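This report concerns only the one structure given below.
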Amino acid sequence: MMIHDVKQAFLYPYSLYRGQVTLDALTFDAYLQKFAQQAGFIAALHTTGKLSAFEAYNQLANLWHQLSEAYAPVSLTLNP
């Protein structure tokens with residue numbers, strides 16, 4: 001494994017999906033994992049003083065909005 005691949009795997013871990021495999025479920029899982037990774041980065045930046053509480057809140061609110069938009073089209077198939 002090359003150094004770049006190790007860094008990529010460390011910074012952006014990915015877990016395999018374990019639920020019922022459908023296109024909608026896999027798509028939402030990818031969005032959810034991306035949300036979790038980015039929320040972790042925002043929290044770390046806030047904790048270390050790189051982001052103010054206001055900036056962190058705004059970025060998290062924006063991420064949540066993106067996640068809810070991704071969930072809306074698949075919510076009917078994920079929750080029958």
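If you're wondering about the labels, chains in the structure tokens are A, B, ... by order shown, residues count from 1 in each chain, ligands from 1 in order shown.
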Filtered DSSP result for chain A, state alpha helix (DSSP H), as JSON, numbers by chain: {"A": [3, 4, 5, 6, 7, 8, 9, 10, 11, 23, 24, 25, 26, 27, 28, 29, 30, 31, 32, 33, 34, 35, 36, 37, 38, 39, 40, 41, 42, 43, 44, 45, 46, 47, 53, 54, 55, 56, 57, 58, 59, 60, 61, 62, 63, 64, 65, 66, 67, 68, 69, 70, 71, 75, 76, 77, 78]}
Write out as JSON lines a residue-level contact list of segment 17-48 of chain A versus segment 58-79 of chain A with cut-off 10 Å: for each qualifying residue the closest pair of atoms and the distance in Å to one decimal, counting only C-alpha atoms, rows sorted by chain and residue number upward.
{"residue": "A:Gln20", "atom": "CA", "partner": "A:Leu78", "partner_atom": "CA", "distance": 9.6}
{"residue": "A:Thr22", "atom": "CA", "partner": "A:Leu78", "partner_atom": "CA", "distance": 9.1}
{"residue": "A:Leu23", "atom": "CA", "partner": "A:Val74", "partner_atom": "CA", "distance": 9.3}
{"residue": "A:Asp24", "atom": "CA", "partner": "A:Val74", "partner_atom": "CA", "distance": 5.6}
{"residue": "A:Ala25", "atom": "CA", "partner": "A:Leu78", "partner_atom": "CA", "distance": 6.7}
{"residue": "A:Thr27", "atom": "CA", "partner": "A:Ala70", "partner_atom": "CA", "distance": 8.5}
{"residue": "A:Phe28", "atom": "CA", "partner": "A:Tyr71", "partner_atom": "CA", "distance": 6.4}
{"residue": "A:Asp29", "atom": "CA", "partner": "A:Tyr71", "partner_atom": "CA", "distance": 9.7}
{"residue": "A:Tyr31", "atom": "CA", "partner": "A:Leu67", "partner_atom": "CA", "distance": 6.5}
{"residue": "A:Leu32", "atom": "CA", "partner": "A:Leu67", "partner_atom": "CA", "distance": 6.9}
{"residue": "A:Lys34", "atom": "CA", "partner": "A:Leu67", "partner_atom": "CA", "distance": 9.1}
{"residue": "A:Phe35", "atom": "CA", "partner": "A:Leu63", "partner_atom": "CA", "distance": 6.5}
{"residue": "A:Ala36", "atom": "CA", "partner": "A:Leu63", "partner_atom": "CA", "distance": 9.4}
{"residue": "A:Gln38", "atom": "CA", "partner": "A:Leu63", "partner_atom": "CA", "distance": 8.0}
{"residue": "A:Ala39", "atom": "CA", "partner": "A:Leu60", "partner_atom": "CA", "distance": 6.5}
{"residue": "A:Gly40", "atom": "CA", "partner": "A:Leu60", "partner_atom": "CA", "distance": 9.9}
{"residue": "A:Ile42", "atom": "CA", "partner": "A:Leu60", "partner_atom": "CA", "distance": 7.5}
{"residue": "A:Ala43", "atom": "CA", "partner": "A:Leu60", "partner_atom": "CA", "distance": 9.0}
